[in-house]
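Report on one structure; see the data block that follows.
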Amino acid sequence: MYGGTSRGKRIVLCTPSSKLHVNGNSWFDLTKKQVDLLDDSHIAILVVRLEGNKIHYIDFKELQKLMT
């Protein structure tokens with residue numbers, strides 16, 4: 001987790017733990033604390049490592065709309 005401010009806006013960057021499997025499937029887990037910190041920020045970015053060791057940057061605010 002990284003937190004900072006830019007132009008008066010609170011920014012949180014989160015690198016959650018990710019799981020990689022040899023068959024190509026992957027996923028990442030978020031803790032309740034991580035979700036709370038991301039939710040309370042103005043700008044919330046997830047950085048996850050998935051298949052092929054590629055790095056993906058995700059706008060948490062947009063992802064959160066799809067979460068249940």
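Please note that chains go A, B, ... in the order of the structure tokens, that every chain numbers its residues from 1, and that ligands are numbered from 1 in the order shown.
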
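Excluding Lys19 in chain A itself and same-chain residues fewer than 3 positions from it, the residues having an atom within 12 Å of it are Pro16, Val22, Asn23, Gly24, Asn25, Ser26, Trp27, Phe28, Asp29, Leu30, Val48, Arg49, Leu50, Glu51, Gly52 and Asn53 of chain A, counting only C-alpha atoms.
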
Could you turn the residues from that selection into a file that holds all heavy atoms, as a short mmCIF file (atom, residue, chain, number, x, y, z; two decimals), in the first residue's frame?
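Output file selection.cif follows:
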data_model
loop_
_atom_site.label_atom_id
_atom_site.label_comp_id
_atom_site.auth_asym_id
_atom_site.auth_seq_id
_atom_site.Cartn_x
_atom_site.Cartn_y
_atom_site.Cartn_z
N PRO A 16 -2.00 -5.90 -4.33
CA PRO A 16 -2.47 -7.07 -3.59
C PRO A 16 -1.72 -8.34 -3.98
O PRO A 16 -1.11 -8.41 -5.05
CB PRO A 16 -3.94 -7.17 -3.99
CG PRO A 16 -4.01 -6.55 -5.34
CD PRO A 16 -2.96 -5.46 -5.33
N VAL A 22 0.10 -22.70 -13.24
CA VAL A 22 0.75 -23.13 -14.48
C VAL A 22 -0.23 -23.27 -15.63
O VAL A 22 0.16 -23.18 -16.79
CB VAL A 22 1.52 -24.46 -14.28
CG1 VAL A 22 2.70 -24.26 -13.34
CG2 VAL A 22 0.61 -25.55 -13.75
N ASN A 23 -1.51 -23.48 -15.36
CA ASN A 23 -2.50 -23.63 -16.44
C ASN A 23 -2.98 -22.30 -17.01
O ASN A 23 -3.86 -22.26 -17.86
CB ASN A 23 -3.69 -24.45 -15.95
CG ASN A 23 -4.50 -23.75 -14.88
OD1 ASN A 23 -4.19 -22.64 -14.48
ND2 ASN A 23 -5.53 -24.41 -14.40
N GLY A 24 -2.41 -21.19 -16.54
CA GLY A 24 -2.75 -19.88 -17.10
C GLY A 24 -3.77 -19.10 -16.29
O GLY A 24 -3.99 -17.93 -16.57
N ASN A 25 -4.41 -19.72 -15.32
CA ASN A 25 -5.38 -19.00 -14.49
C ASN A 25 -4.65 -18.21 -13.41
O ASN A 25 -3.59 -18.60 -12.95
CB ASN A 25 -6.35 -19.97 -13.82
CG ASN A 25 -7.26 -20.65 -14.83
OD1 ASN A 25 -7.59 -20.08 -15.85
ND2 ASN A 25 -7.64 -21.87 -14.54
N SER A 26 -5.25 -17.10 -13.04
CA SER A 26 -4.67 -16.30 -11.98
C SER A 26 -5.76 -15.48 -11.31
O SER A 26 -6.84 -15.30 -11.86
CB SER A 26 -3.58 -15.38 -12.54
OG SER A 26 -4.08 -14.62 -13.60
N TRP A 27 -5.48 -15.02 -10.08
CA TRP A 27 -6.40 -14.15 -9.38
C TRP A 27 -5.65 -13.39 -8.31
O TRP A 27 -4.49 -13.66 -8.04
CB TRP A 27 -7.57 -14.94 -8.78
CG TRP A 27 -7.24 -15.75 -7.57
CD1 TRP A 27 -7.30 -15.35 -6.27
CD2 TRP A 27 -6.81 -17.10 -7.53
NE1 TRP A 27 -6.93 -16.37 -5.43
CE2 TRP A 27 -6.63 -17.46 -6.18
CE3 TRP A 27 -6.54 -18.07 -8.50
CZ2 TRP A 27 -6.20 -18.72 -5.79
CZ3 TRP A 27 -6.13 -19.32 -8.10
CH2 TRP A 27 -5.96 -19.63 -6.77
N PHE A 28 -6.32 -12.41 -7.72
CA PHE A 28 -5.72 -11.66 -6.62
C PHE A 28 -6.76 -11.50 -5.53
O PHE A 28 -7.96 -11.57 -5.78
CB PHE A 28 -5.17 -10.31 -7.07
CG PHE A 28 -6.19 -9.38 -7.65
CD1 PHE A 28 -6.87 -8.48 -6.85
CD2 PHE A 28 -6.46 -9.39 -9.01
CE1 PHE A 28 -7.81 -7.62 -7.38
CE2 PHE A 28 -7.39 -8.52 -9.56
CZ PHE A 28 -8.07 -7.65 -8.74
N ASP A 29 -6.28 -11.35 -4.32
CA ASP A 29 -7.15 -11.20 -3.15
C ASP A 29 -6.99 -9.81 -2.57
O ASP A 29 -5.87 -9.28 -2.49
CB ASP A 29 -6.78 -12.22 -2.07
CG ASP A 29 -7.00 -13.65 -2.51
OD1 ASP A 29 -8.01 -13.92 -3.17
OD2 ASP A 29 -6.15 -14.49 -2.18
N LEU A 30 -8.11 -9.23 -2.14
CA LEU A 30 -8.09 -7.96 -1.43
C LEU A 30 -8.61 -8.18 -0.02
O LEU A 30 -9.60 -8.88 0.17
CB LEU A 30 -8.99 -6.93 -2.12
CG LEU A 30 -8.55 -6.44 -3.49
CD1 LEU A 30 -9.65 -5.59 -4.12
CD2 LEU A 30 -7.28 -5.64 -3.36
N VAL A 48 -1.66 -5.23 -10.23
CA VAL A 48 -1.62 -6.68 -10.04
C VAL A 48 -0.76 -7.34 -11.10
O VAL A 48 -0.68 -6.88 -12.24
CB VAL A 48 -3.04 -7.29 -10.05
CG1 VAL A 48 -3.84 -6.82 -8.86
CG2 VAL A 48 -3.78 -6.98 -11.31
N ARG A 49 -0.10 -8.42 -10.68
CA ARG A 49 0.71 -9.23 -11.60
C ARG A 49 -0.10 -10.48 -11.91
O ARG A 49 -0.46 -11.24 -11.03
CB ARG A 49 2.04 -9.60 -10.95
CG ARG A 49 2.95 -10.42 -11.83
CD ARG A 49 4.27 -10.69 -11.13
NE ARG A 49 4.10 -11.38 -9.87
CZ ARG A 49 4.13 -12.71 -9.73
NH1 ARG A 49 4.31 -13.49 -10.75
NH2 ARG A 49 3.99 -13.25 -8.53
N LEU A 50 -0.38 -10.67 -13.20
CA LEU A 50 -1.18 -11.82 -13.61
C LEU A 50 -0.41 -12.66 -14.62
O LEU A 50 0.81 -12.65 -14.64
CB LEU A 50 -2.53 -11.36 -14.16
CG LEU A 50 -3.42 -10.64 -13.15
CD1 LEU A 50 -4.67 -10.12 -13.82
CD2 LEU A 50 -3.77 -11.53 -11.98
N GLU A 51 -1.13 -13.39 -15.46
CA GLU A 51 -0.51 -14.33 -16.39
C GLU A 51 0.62 -13.71 -17.19
O GLU A 51 0.57 -12.55 -17.55
CB GLU A 51 -1.55 -14.95 -17.33
CG GLU A 51 -2.16 -14.00 -18.33
CD GLU A 51 -3.21 -13.07 -17.79
OE1 GLU A 51 -3.77 -13.32 -16.73
OE2 GLU A 51 -3.47 -12.05 -18.46
N GLY A 52 1.65 -14.50 -17.42
CA GLY A 52 2.80 -14.03 -18.18
C GLY A 52 3.61 -12.96 -17.47
O GLY A 52 4.35 -12.23 -18.11
N ASN A 53 3.44 -12.86 -16.16
CA ASN A 53 4.13 -11.84 -15.36
C ASN A 53 3.87 -10.42 -15.86
O ASN A 53 4.70 -9.54 -15.71
CB ASN A 53 5.64 -12.12 -15.28
CG ASN A 53 5.93 -13.32 -14.42
OD1 ASN A 53 5.24 -13.57 -13.43
ND2 ASN A 53 6.93 -14.08 -14.78
#

Exercise for review: Could you please write out, as an MDAnalysis selection string, every residue of chain A that DSSP assigns to strand (DSSP E)?
Suggested key: chainID A and resid 2:6 9:14 18:20 26:28 43:50 54:59

Practice item. Rank nothing, just name the residue among A:Lys9, A:Leu20, A:Tyr2, A:Lys65 nearest to Leu46 in chain A, using only C-alpha atoms. Key: A:Tyr2

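Near Gln64 in chain A, within a cut-off of 10 Å and counting only C-alpha atoms, sit the residues Val35, Leu38 and Asp39 of chain A, with same-chain residues fewer than 6 positions away left out.
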
Mind dumping the selected residues with N, CA, C and O atoms as a PDB file, in the first residue's frame?
ATOM      1  N   VAL A  35      -9.596  -2.689   0.875  1.00  0.00           N
ATOM      2  CA  VAL A  35     -10.796  -2.135   0.235  1.00  0.00           C
ATOM      3  C   VAL A  35     -11.208  -0.835   0.924  1.00  0.00           C
ATOM      4  O   VAL A  35     -11.539   0.150   0.255  1.00  0.00           O
ATOM      5  N   LEU A  38      -8.754   1.941  -0.106  1.00  0.00           N
ATOM      6  CA  LEU A  38      -8.983   2.311  -1.508  1.00  0.00           C
ATOM      7  C   LEU A  38     -10.279   3.096  -1.650  1.00  0.00           C
ATOM      8  O   LEU A  38     -10.345   4.093  -2.373  1.00  0.00           O
ATOM      9  N   ASP A  39     -11.314   2.641  -0.954  1.00  0.00           N
ATOM     10  CA  ASP A  39     -12.627   3.271  -1.045  1.00  0.00           C
ATOM     11  C   ASP A  39     -12.617   4.697  -0.492  1.00  0.00           C
ATOM     12  O   ASP A  39     -13.332   5.564  -0.989  1.00  0.00           O
TER      13      ASP A  39
END

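Between Ile45 in chain A and the candidates A:Lys33, A:Ser17, A:Tyr57, A:Ser6, the tightest atom-to-atom separation, counting only C-alpha atoms, involves A:Tyr57.
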
Practice item. Please report, as a VMD selection string, each residue of chain A to which DSSP assigns alpha helix (DSSP H) when run on this structure's backbone. Key: chain A and resid 32 to 39 60 to 64
